[in-house]
Amino acid sequence: MSPLDPHRLLAVARKEWIQLRRDTRSMILAFALPMMLLVFFGYAITFDIDDITIAVVDEDRTAASRELVDAFVASDYFTVRERLADRGRTEELLVRGRVLGVLTIPPGYARDRAAAGRGATVQLLLDGADANTATIAMNLSGAVAASHGAQVAAAGASSPDRASNATGAPVRLESRTWYNPRLESRHMIVPGLIAVIMSMIAAMLTALTIAREWERGSMEQLAATPVSRLEVVLGKLLPYLVIGILDVSLAVVAGMLLFGTPLNGSVLLLGVMTVLFLVGALGLGIVISAVVKSQVLATQVAMVATYLPALLLSGFMFDIASMPVVLQGITYLVPARYFITVTRGIFLKGVGISVLWPQALLMLLFAVAGVALATRAFRKELEA
Amino acid sequence: MDSPHGLAERPAIAIRGLTRRFDDRVAVDALSVDVRSGELFGIVGPDGAGKTTTLRMLAGVLRPTDGTALVAGIDVARDPEGVKPHIAYMSQRFGLYEDLTVRENLDFYADLYRVPRAERPARLERLYAFSRLGEFTDRLAGKLSGGMKQKLSLSCALVHKPDILLLDEPTFGVDPISRRELWLILHEMVAEGITIVVSTSYLDEAERCDRVALLHEGRLLALDTPTALRGSVSGRMLAIRSSRLRRARDVLRGAATVRSAHLFGDAVHVLVEAGVRDEEALAPVRAAGLDVRDVEETEPSLEDVFMRLVG
């Protein structure tokens with residue numbers, strides 16, 4: 001294996017640090033870009049849906065039908081943008097995207113509602129182009145309708161002359177969500193974003209380092225010295241590890257100040273986990289840099305190889321458990337997956353190492369593999 | 001290695017059948033050369049002769065396709081890393097960090113070779129003295145002139161007192177004064193016992209070496225001291241001046257009395273048999289209706305030797 005002399009390692013690290021400090025492009029990539037992405041994504045991405053625009057076609061035009069519409073409006077989830085007398089423009093509104101759904105109350109709604117033993121039926125047409133939003137709208141409308149139905153039934157039961165209509169006290173499901181009680185997706189997003197952004201930034205930072213030396217001609221000179229491959233890899237990794245830790249710290253503070261993301265768990269544990277994660281991600285960047293030997297190409301490869309998997313296959317956007325089995329298998333190779341579990345766990349649940357040790361072990365494995373692969377990929381040789 | 005007997009016993013570099021192919025091109029073809037300990041050895045030839053490829057293999061940064069080279073007694077093909085502490089290599093392209101200062105570059109290389117801290121001030125003082133970089137210690141290497149950059153590269157190479165110094169065209173693109181200074185430094189280093197292998201495409205520079213290997217298309221054409229190489233040219237070397245030099249050369253090349261003819265400065269250098277008189281040699285030129293302004297016998301230079309061998 002490659003020998004390791006701490007003095008030479010530090011010499012490489014010191015050199016790299018000086019270069020990094022003097023390189024505006026690297027400094028922007030190291031500090032400005034992650035903060036920009038955090039703020040941008042933090043504000044732009046929200047999985048919360050609190051404004052579903054609908055059109056109402058009230059063909060019944062009774063007090064009962066107006067009550068139902070009021071129930072939708074009062075729920076705060078729905079905004080009625082159009083009120084129509086008939087169904088003529090239903091399709092047009094949906095196609096043009098004016099509204100997400102059309103609630104149609106057919107004639108006879110009030111009569112059906114009052115009739116014993118029969119329920120009244122209304123129709124909600126939803127634009128399924130955005131399946132995620134449509135699903136949420138469907139669930140919310142179901143809840144609104146059920147709650148309204150229960151209220152009507154309860155009101156009926158309290159009037160003695162219509163006691164026969166009462167179908168008994170309606171069962172109400174009351175669900176509570178822990179850890180993120182208001183289910184604010186931003187609280188989920190900020191810890192996840194830190195993992196996604198750092199996956200990309202870490203790999204892109206180190207992707208430049210080896211390729212830059214090949215392009216500028218300094219690698220031929222460096223390769224003729226007794227410095228070992230491991231010393232070069234670790235020496236180049238160290239300054240960027242410091243940058244990465246600074247980035248995560250800044251992101252944590254920004255997340256708390258800008259988005260009010262709570263940090264419930266141990267800062268120290270988050271720090272240790274961050275180091276484990278970063279070493280693997282930085283190592284991957286060095287592997288890419290050593291293999292492609294061109295700064296432009298290395299940056300692009302690093303971005304594609306980290307950003308997309310971290311965004312799509314880490315559990316950040318899509319639930320891993322509901323992915324096809326093959327994709328689920330691939331997610332195990334995305335280190336961001338483990339780091340997201342860690343950041344969400346520490347931020348929101350405040351859990352400790354007793355829960356997160358599998359993630360810690362796997363990230364350690366990735367860190368060791370990253371450094372080992374980088375050392376193998378980097379050759380002190382021209383035209384290998 | 002410093003003992004007088006040791007010099008003869010083990011060469012600083014022993015190259016045997018060293019070969020490097022790039023796809024279908026042979027850059028260095030079965031090169032066999034011994035570089036003696038403590039000599040200033042020149043690898044000389046035009047671009048594409050295989051100079052850079054040879055030096056890269058000796059420096060352990062390029063794997064030979066075939067053959068061996070023992071550098072400081074270590075087989076560079078089998079143990080390139082074992083060779084590296086003994087040598088210093090200066091690549092043809094500037095290989096230091098342009099975004100580091102003069103001092104930072106020197107410190108970095110001193111660190112890589114583990115030069116003890118206590119020895120550094122004296123070492124740097126000496127390097128600054130010959131390179132005259134002392135007043136530019138805080139200047140970024142990228143902001144130095146071409147000559148200064150080469151002196152800095154040489155200083156970084158010498159910071160750990162290597163046994164063997166490998167220099168790939170160190171005077172390429174350097175002004176004449178800096179070139180002279182660089183060669184003076186090399187002579188000083190050799191006087192201190194360092195073995196130097198230097199490549200150049202300037203044949204006048206080759207004259208400054210103890211021994212010279214003439215390389216052409218990857219093959220060794222000749223290997224000797226500059227004096228012996230010049231002496232190897234038998235016959236008379238004439239410098240002929242005409243107002244139409246190229247035409248005169250072409251005519252002379254076709255003449256039966258002429259063994260070789262090539263342009264050299266403002267004259268055509270013509271090699272003829274020892275018994276051939278000036279007028280006999282000039283006959284073809286006059287026959288072609290070209291003027292002859294001047295003719296004189298001249299000492300063959302290394303360039304004449306090279307042109308004759310390649311001829």
# chains A, B, ... in the order shown; residues from 1 in each chain; ligands from 1
>>> interface_residues(of="chain B", to="chain A", cutoff="9 Å", atoms="only C-alpha atoms", output="mmCIF file with N, CA and C atoms, in the first residue's frame")
data_model
loop_
_atom_site.group_PDB
_atom_site.id
_atom_site.type_symbol
_atom_site.label_atom_id
_atom_site.label_comp_id
_atom_site.auth_asym_id
_atom_site.auth_seq_id
_atom_site.Cartn_x
_atom_site.Cartn_y
_atom_site.Cartn_z
ATOM 1 N N ARG B 56 11.534 11.294 -19.197
ATOM 2 C CA ARG B 56 10.363 10.934 -18.394
ATOM 3 C C ARG B 56 10.501 9.522 -17.855
ATOM 4 N N ALA B 59 12.910 9.527 -15.036
ATOM 5 C CA ALA B 59 12.364 10.177 -13.837
ATOM 6 C C ALA B 59 11.282 9.323 -13.181
ATOM 7 N N GLY B 60 10.923 8.210 -13.808
ATOM 8 C CA GLY B 60 9.917 7.321 -13.215
ATOM 9 C C GLY B 60 8.497 7.820 -13.363
ATOM 10 N N VAL B 61 8.238 8.704 -14.313
ATOM 11 C CA VAL B 61 6.866 9.165 -14.520
ATOM 12 C C VAL B 61 6.266 8.589 -15.793
ATOM 13 N N LEU B 62 7.038 7.797 -16.514
ATOM 14 C CA LEU B 62 6.522 7.142 -17.718
ATOM 15 C C LEU B 62 7.087 5.729 -17.749
ATOM 16 N N ARG B 63 6.194 4.771 -17.910
ATOM 17 C CA ARG B 63 6.616 3.372 -17.872
ATOM 18 C C ARG B 63 7.238 2.972 -19.208
ATOM 19 N N PRO B 80 9.763 2.537 -9.691
ATOM 20 C CA PRO B 80 9.902 3.965 -9.980
ATOM 21 C C PRO B 80 9.946 4.820 -8.715
ATOM 22 N N GLU B 81 9.173 4.403 -7.690
ATOM 23 C CA GLU B 81 9.137 5.222 -6.469
ATOM 24 C C GLU B 81 10.473 5.164 -5.723
ATOM 25 N N GLY B 82 11.206 4.050 -5.884
ATOM 26 C CA GLY B 82 12.502 3.913 -5.219
ATOM 27 C C GLY B 82 13.537 4.864 -5.794
ATOM 28 N N VAL B 83 13.346 5.237 -7.060
ATOM 29 C CA VAL B 83 14.296 6.121 -7.730
ATOM 30 C C VAL B 83 14.106 7.569 -7.270
ATOM 31 N N LYS B 84 12.855 7.934 -7.007
ATOM 32 C CA LYS B 84 12.501 9.348 -6.860
ATOM 33 C C LYS B 84 13.239 10.130 -5.757
ATOM 34 N N PRO B 85 13.529 9.509 -4.593
ATOM 35 C CA PRO B 85 14.264 10.293 -3.601
ATOM 36 C C PRO B 85 15.674 10.677 -4.059
ATOM 37 N N ILE B 87 16.631 11.501 -7.199
ATOM 38 C CA ILE B 87 16.713 12.357 -8.382
ATOM 39 C C ILE B 87 15.955 13.668 -8.181
ATOM 40 N N ALA B 88 16.188 14.572 -9.125
ATOM 41 C CA ALA B 88 15.302 15.713 -9.277
ATOM 42 C C ALA B 88 15.042 15.823 -10.762
ATOM 43 N N TYR B 89 13.811 16.134 -11.096
ATOM 44 C CA TYR B 89 13.419 16.178 -12.504
ATOM 45 C C TYR B 89 12.783 17.517 -12.795
ATOM 46 N N MET B 90 13.173 18.081 -13.904
ATOM 47 C CA MET B 90 12.582 19.357 -14.303
ATOM 48 C C MET B 90 11.964 19.154 -15.666
ATOM 49 N N SER B 91 10.633 19.186 -15.712
ATOM 50 C CA SER B 91 9.947 18.916 -16.973
ATOM 51 C C SER B 91 10.123 20.092 -17.928
ATOM 52 N N ARG B 93 7.822 21.600 -19.767
ATOM 53 C CA ARG B 93 6.807 22.605 -19.487
ATOM 54 C C ARG B 93 6.967 23.042 -18.032
ATOM 55 N N PHE B 94 6.781 24.337 -17.777
ATOM 56 C CA PHE B 94 6.907 24.839 -16.407
ATOM 57 C C PHE B 94 5.966 24.054 -15.499
ATOM 58 N N GLY B 95 6.519 23.411 -14.475
ATOM 59 C CA GLY B 95 5.716 22.486 -13.680
ATOM 60 C C GLY B 95 5.476 22.923 -12.257
ATOM 61 N N LEU B 96 5.833 24.161 -11.926
ATOM 62 C CA LEU B 96 5.585 24.624 -10.561
ATOM 63 C C LEU B 96 4.201 25.269 -10.502
ATOM 64 N N TYR B 97 3.859 25.775 -9.326
ATOM 65 C CA TYR B 97 2.526 26.344 -9.131
ATOM 66 C C TYR B 97 2.572 27.849 -9.329
ATOM 67 N N ASP B 99 0.295 29.955 -8.966
ATOM 68 C CA ASP B 99 -0.468 30.708 -7.971
ATOM 69 C C ASP B 99 0.166 30.605 -6.587
ATOM 70 N N LEU B 100 1.374 30.068 -6.533
ATOM 71 C CA LEU B 100 2.145 30.081 -5.292
ATOM 72 C C LEU B 100 3.335 31.017 -5.493
ATOM 73 N N GLU B 104 6.875 29.928 -1.474
ATOM 74 C CA GLU B 104 5.933 28.831 -1.211
ATOM 75 C C GLU B 104 6.252 27.605 -2.062
ATOM 76 N N ASN B 105 6.658 27.834 -3.312
ATOM 77 C CA ASN B 105 7.055 26.716 -4.165
ATOM 78 C C ASN B 105 8.278 26.007 -3.586
ATOM 79 N N ASP B 107 9.344 26.023 -0.495
ATOM 80 C CA ASP B 107 8.981 25.352 0.766
ATOM 81 C C ASP B 107 8.252 24.043 0.494
ATOM 82 N N PHE B 108 7.358 24.076 -0.499
ATOM 83 C CA PHE B 108 6.585 22.875 -0.818
ATOM 84 C C PHE B 108 7.512 21.736 -1.231
ATOM 85 N N TYR B 109 8.458 22.042 -2.117
ATOM 86 C CA TYR B 109 9.367 20.983 -2.558
ATOM 87 C C TYR B 109 10.321 20.549 -1.450
ATOM 88 N N ASP B 111 9.497 20.465 1.641
ATOM 89 C CA ASP B 111 8.655 19.605 2.489
ATOM 90 C C ASP B 111 8.518 18.213 1.881
ATOM 91 N N LEU B 112 8.278 18.164 0.567
ATOM 92 C CA LEU B 112 8.067 16.871 -0.085
ATOM 93 C C LEU B 112 9.297 15.979 0.051
ATOM 94 N N TYR B 113 10.484 16.589 0.012
ATOM 95 C CA TYR B 113 11.714 15.800 0.119
ATOM 96 C C TYR B 113 12.209 15.720 1.556
ATOM 97 N N ARG B 114 11.402 16.197 2.496
ATOM 98 C CA ARG B 114 11.741 16.154 3.921
ATOM 99 C C ARG B 114 13.095 16.773 4.214
#
>>> residues_around(residues="Thr137 (chain B)", least_positions_apart="5", cutoff="7 Å", atoms="only C-alpha atoms", output="number ranges by chain")
B: 101-103
>>> residues_around(residues="Ala374 (chain A)", least_positions_apart="3", cutoff="9 Å", atoms="only C-alpha atoms", output="list in words")
Arg229, Leu230, Val233, Gly283, Leu284, Gly285, Ile286, Val287, Ile288, Ser289, Ala290, Ala369, Gly370, Val371, Ala377 and Phe378 of chain A
>>> write_last_selection(atoms="N, CA and C atoms", output="PDB file, in the first residue's frame")
ATOM      1  N   ARG A 229       0.946   8.331  -3.267  1.00  0.00           N
ATOM      2  CA  ARG A 229      -0.393   8.597  -3.792  1.00  0.00           C
ATOM      3  C   ARG A 229      -1.377   8.891  -2.668  1.00  0.00           C
ATOM      4  N   LEU A 230      -1.252   8.130  -1.575  1.00  0.00           N
ATOM      5  CA  LEU A 230      -2.156   8.348  -0.445  1.00  0.00           C
ATOM      6  C   LEU A 230      -1.936   9.731   0.166  1.00  0.00           C
ATOM      7  N   VAL A 233      -3.686  12.183  -2.101  1.00  0.00           N
ATOM      8  CA  VAL A 233      -5.150  12.099  -1.991  1.00  0.00           C
ATOM      9  C   VAL A 233      -5.623  12.718  -0.668  1.00  0.00           C
ATOM     10  N   GLY A 283     -13.839  12.024  -1.654  1.00  0.00           N
ATOM     11  CA  GLY A 283     -13.073  10.943  -2.288  1.00  0.00           C
ATOM     12  C   GLY A 283     -13.605  10.630  -3.670  1.00  0.00           C
ATOM     13  N   LEU A 284     -14.925  10.610  -3.786  1.00  0.00           N
ATOM     14  CA  LEU A 284     -15.549  10.351  -5.093  1.00  0.00           C
ATOM     15  C   LEU A 284     -15.109  11.404  -6.112  1.00  0.00           C
ATOM     16  N   GLY A 285     -15.056  12.659  -5.674  1.00  0.00           N
ATOM     17  CA  GLY A 285     -14.602  13.736  -6.560  1.00  0.00           C
ATOM     18  C   GLY A 285     -13.175  13.509  -7.030  1.00  0.00           C
ATOM     19  N   ILE A 286     -12.326  13.031  -6.122  1.00  0.00           N
ATOM     20  CA  ILE A 286     -10.929  12.790  -6.497  1.00  0.00           C
ATOM     21  C   ILE A 286     -10.840  11.630  -7.487  1.00  0.00           C
ATOM     22  N   VAL A 287     -11.655  10.601  -7.259  1.00  0.00           N
ATOM     23  CA  VAL A 287     -11.674   9.477  -8.209  1.00  0.00           C
ATOM     24  C   VAL A 287     -11.999  10.007  -9.608  1.00  0.00           C
ATOM     25  N   ILE A 288     -13.056  10.806  -9.694  1.00  0.00           N
ATOM     26  CA  ILE A 288     -13.475  11.348 -10.986  1.00  0.00           C
ATOM     27  C   ILE A 288     -12.357  12.193 -11.591  1.00  0.00           C
ATOM     28  N   SER A 289     -11.757  13.039 -10.769  1.00  0.00           N
ATOM     29  CA  SER A 289     -10.699  13.931 -11.238  1.00  0.00           C
ATOM     30  C   SER A 289      -9.505  13.146 -11.773  1.00  0.00           C
ATOM     31  N   ALA A 290      -9.153  12.070 -11.057  1.00  0.00           N
ATOM     32  CA  ALA A 290      -7.974  11.292 -11.448  1.00  0.00           C
ATOM     33  C   ALA A 290      -8.244  10.520 -12.722  1.00  0.00           C
ATOM     34  N   ALA A 369     -13.874   3.489   1.297  1.00  0.00           N
ATOM     35  CA  ALA A 369     -13.870   3.098  -0.110  1.00  0.00           C
ATOM     36  C   ALA A 369     -13.498   4.283  -1.000  1.00  0.00           C
ATOM     37  N   GLY A 370     -14.011   5.465  -0.666  1.00  0.00           N
ATOM     38  CA  GLY A 370     -13.710   6.660  -1.461  1.00  0.00           C
ATOM     39  C   GLY A 370     -12.226   6.954  -1.488  1.00  0.00           C
ATOM     40  N   VAL A 371     -11.595   6.914  -0.312  1.00  0.00           N
ATOM     41  CA  VAL A 371     -10.162   7.207  -0.236  1.00  0.00           C
ATOM     42  C   VAL A 371      -9.359   6.105  -0.939  1.00  0.00           C
ATOM     43  N   ALA A 377      -7.048   5.196  -8.236  1.00  0.00           N
ATOM     44  CA  ALA A 377      -7.301   5.855  -9.525  1.00  0.00           C
ATOM     45  C   ALA A 377      -6.212   6.868  -9.866  1.00  0.00           C
ATOM     46  N   PHE A 378      -5.634   7.477  -8.839  1.00  0.00           N
ATOM     47  CA  PHE A 378      -4.620   8.499  -9.081  1.00  0.00           C
ATOM     48  C   PHE A 378      -3.276   7.830  -9.340  1.00  0.00           C
TER      49      PHE A 378
END
>>> residues_around(residues="Ile105 (chain A)", least_positions_apart="3", cutoff="7 Å", atoms="only C-alpha atoms", output="compact mmCIF listing (two decimals) with N, CA, C and O atoms, in the first residue's frame")
# COMPACT_ATOMS: atom_id res chain seq x y z
N VAL A 57 -69.57 24.07 -9.72
CA VAL A 57 -70.76 24.07 -10.58
C VAL A 57 -71.93 23.68 -9.68
O VAL A 57 -72.08 22.52 -9.30
N ASP A 58 -72.68 24.67 -9.28
CA ASP A 58 -73.78 24.39 -8.35
C ASP A 58 -75.08 24.33 -9.14
O ASP A 58 -75.69 25.36 -9.44
N GLU A 59 -75.50 23.10 -9.50
CA GLU A 59 -76.73 22.94 -10.28
C GLU A 59 -77.95 22.78 -9.38
O GLU A 59 -79.07 22.75 -9.84
N ASP A 60 -77.67 22.63 -8.09
CA ASP A 60 -78.76 22.41 -7.13
C ASP A 60 -79.31 23.74 -6.64
O ASP A 60 -80.51 23.93 -6.52
N SER A 65 -76.58 23.02 -0.76
CA SER A 65 -75.43 23.01 -1.66
C SER A 65 -74.47 24.13 -1.31
O SER A 65 -73.25 23.96 -1.36
N TYR A 109 -79.41 17.52 -4.95
CA TYR A 109 -78.46 17.24 -3.87
C TYR A 109 -79.13 17.40 -2.50
O TYR A 109 -79.03 16.52 -1.64
N VAL A 122 -71.83 14.10 -4.79
CA VAL A 122 -71.30 15.23 -5.56
C VAL A 122 -70.06 14.72 -6.31
O VAL A 122 -69.51 13.67 -5.98
N GLN A 123 -69.68 15.49 -7.32
CA GLN A 123 -68.54 15.03 -8.12
C GLN A 123 -67.39 16.02 -8.00
O GLN A 123 -67.59 17.23 -8.05
>>> residues_around(residues="region 154-170 of chain B", least_positions_apart="4", cutoff="7 Å", atoms="only C-alpha atoms", output="list in words")
Thr52, Leu55, His86, Ile87, Ala88, Tyr89, Met90, Ser91, Gln92, Leu106, Tyr109, Ala110, Tyr113, Val115, Arg123, Leu127, Gln150, Ile194, Thr195, Ile196, Val197, Val198, Ser199 and Thr200 of chain B
>>> write_last_selection(atoms="C-alpha atoms", output="PDB file, in the first residue's frame")
ATOM      1  CA  THR B  52      11.501  14.035 -23.437  1.00  0.00           C
ATOM      2  CA  LEU B  55      13.915  11.700 -19.508  1.00  0.00           C
ATOM      3  CA  HIS B  86      17.622  10.193  -5.441  1.00  0.00           C
ATOM      4  CA  ILE B  87      16.713  12.357  -8.382  1.00  0.00           C
ATOM      5  CA  ALA B  88      15.302  15.713  -9.277  1.00  0.00           C
ATOM      6  CA  TYR B  89      13.419  16.178 -12.504  1.00  0.00           C
ATOM      7  CA  MET B  90      12.582  19.357 -14.303  1.00  0.00           C
ATOM      8  CA  SER B  91       9.947  18.916 -16.973  1.00  0.00           C
ATOM      9  CA  GLN B  92      10.072  20.832 -20.207  1.00  0.00           C
ATOM     10  CA  LEU B 106      10.489  26.208  -2.624  1.00  0.00           C
ATOM     11  CA  TYR B 109       9.367  20.983  -2.558  1.00  0.00           C
ATOM     12  CA  ALA B 110      11.565  21.132   0.532  1.00  0.00           C
ATOM     13  CA  TYR B 113      11.714  15.800   0.119  1.00  0.00           C
ATOM     14  CA  VAL B 115      14.599  18.651   3.966  1.00  0.00           C
ATOM     15  CA  ARG B 123      20.049  25.935   1.578  1.00  0.00           C
ATOM     16  CA  LEU B 127      19.762  28.828  -4.067  1.00  0.00           C
ATOM     17  CA  GLN B 150      13.434  28.181 -15.136  1.00  0.00           C
ATOM     18  CA  ILE B 194      25.881  15.997  -8.967  1.00  0.00           C
ATOM     19  CA  THR B 195      25.279  13.933 -12.095  1.00  0.00           C
ATOM     20  CA  ILE B 196      23.298  15.912 -14.644  1.00  0.00           C
ATOM     21  CA  VAL B 197      21.417  14.664 -17.679  1.00  0.00           C
ATOM     22  CA  VAL B 198      20.218  17.569 -19.762  1.00  0.00           C
ATOM     23  CA  SER B 199      18.361  17.491 -23.032  1.00  0.00           C
ATOM     24  CA  THR B 200      18.545  20.230 -25.618  1.00  0.00           C
TER      25      THR B 200
END
>>> select_by_dssp(residues="region 49-200 of chain B", states="alpha helix (DSSP H)", output="PyMOL selection string")
chain B and resi 51-58+80-83+102-112+120-131+146-158+176-191
>>> closest_residue(among="A:Ala155, A:Ile136, A:Leu313, A:Met188", to="Val326 (chain A)", atoms="only C-alpha atoms")
A:Leu313
>>> select_by_dssp(residues="region 95-319 of chain A", states="strand (DSSP E or B)", output="VMD selection string")
chain A and resid 101 to 105 123 to 126
>>> write_last_selection(atoms="C-alpha atoms", output="mmCIF file, in the first residue's frame")
data_model
loop_
_atom_site.group_PDB
_atom_site.id
_atom_site.type_symbol
_atom_site.label_atom_id
_atom_site.label_comp_id
_atom_site.auth_asym_id
_atom_site.auth_seq_id
_atom_site.Cartn_x
_atom_site.Cartn_y
_atom_site.Cartn_z
ATOM 1 C CA GLY A 101 -60.514 20.659 -9.815
ATOM 2 C CA VAL A 102 -64.166 21.152 -10.533
ATOM 3 C CA LEU A 103 -66.731 20.425 -7.835
ATOM 4 C CA THR A 104 -70.094 19.642 -9.352
ATOM 5 C CA ILE A 105 -73.187 19.561 -7.183
ATOM 6 C CA GLN A 123 -68.544 15.032 -8.121
ATOM 7 C CA LEU A 124 -64.989 16.341 -7.927
ATOM 8 C CA LEU A 125 -63.034 16.285 -11.173
ATOM 9 C CA LEU A 126 -59.310 16.641 -10.632
#
>>> closest_residue(among="A:Leu276, A:Leu234, A:Ala120, A:Met138", to="Leu365 (chain A)", atoms="only C-alpha atoms")
A:Leu276
>>> residues_around(residues="Met363 (chain A)", least_positions_apart="3", cutoff="7 Å", atoms="only C-alpha atoms", output="list in words")
Leu276, Phe277, Pro335, Tyr338, Gln359, Ala360, Phe366 and Ala367 of chain A
>>> write_last_selection(atoms="N, CA and C atoms", output="short mmCIF file (atom, residue, chain, number, x, y, z; two decimals), in the first residue's frame")
data_model
loop_
_atom_site.label_atom_id
_atom_site.label_comp_id
_atom_site.auth_asym_id
_atom_site.auth_seq_id
_atom_site.Cartn_x
_atom_site.Cartn_y
_atom_site.Cartn_z
N LEU A 276 -17.76 11.99 8.27
CA LEU A 276 -17.82 10.68 7.61
C LEU A 276 -18.38 10.82 6.20
N PHE A 277 -19.47 11.56 6.11
CA PHE A 277 -20.12 11.73 4.81
C PHE A 277 -19.22 12.47 3.83
N PRO A 335 -24.66 7.58 -1.05
CA PRO A 335 -24.35 7.90 0.35
C PRO A 335 -25.27 8.98 0.91
N TYR A 338 -27.96 7.89 3.33
CA TYR A 338 -27.67 7.70 4.76
C TYR A 338 -27.56 9.05 5.47
N GLN A 359 -26.29 3.92 9.76
CA GLN A 359 -25.92 4.96 8.80
C GLN A 359 -24.45 5.36 8.98
N ALA A 360 -24.04 5.47 10.25
CA ALA A 360 -22.65 5.85 10.54
C ALA A 360 -21.70 4.82 9.95
N PHE A 366 -18.26 4.02 3.04
CA PHE A 366 -18.12 4.83 1.84
C PHE A 366 -16.87 5.71 1.92
N ALA A 367 -16.58 6.23 3.10
CA ALA A 367 -15.41 7.08 3.27
C ALA A 367 -14.13 6.30 2.98
#
>>> closest_residue(among="A:Ser354, A:Ser322, A:Gln295, A:Thr375", to="Ser26 (chain A)", atoms="only C-alpha atoms")
A:Gln295
>>> residues_around(residues="region 235-247 of chain A", least_positions_apart="3", cutoff="8 Å", atoms="only C-alpha atoms", output="list in words")
Leu9, Leu10, Ala11, Val12, Ala13, Arg14, Glu16, Trp17, Ala30, Phe31, Pro34, Met35, Met198, Ala202, Leu205, Thr206, Thr209, Glu231, Val232, Leu250, Ala251, Gly271, Thr274, Val275, Leu278, Val279, Leu282 and Gly283 of chain A
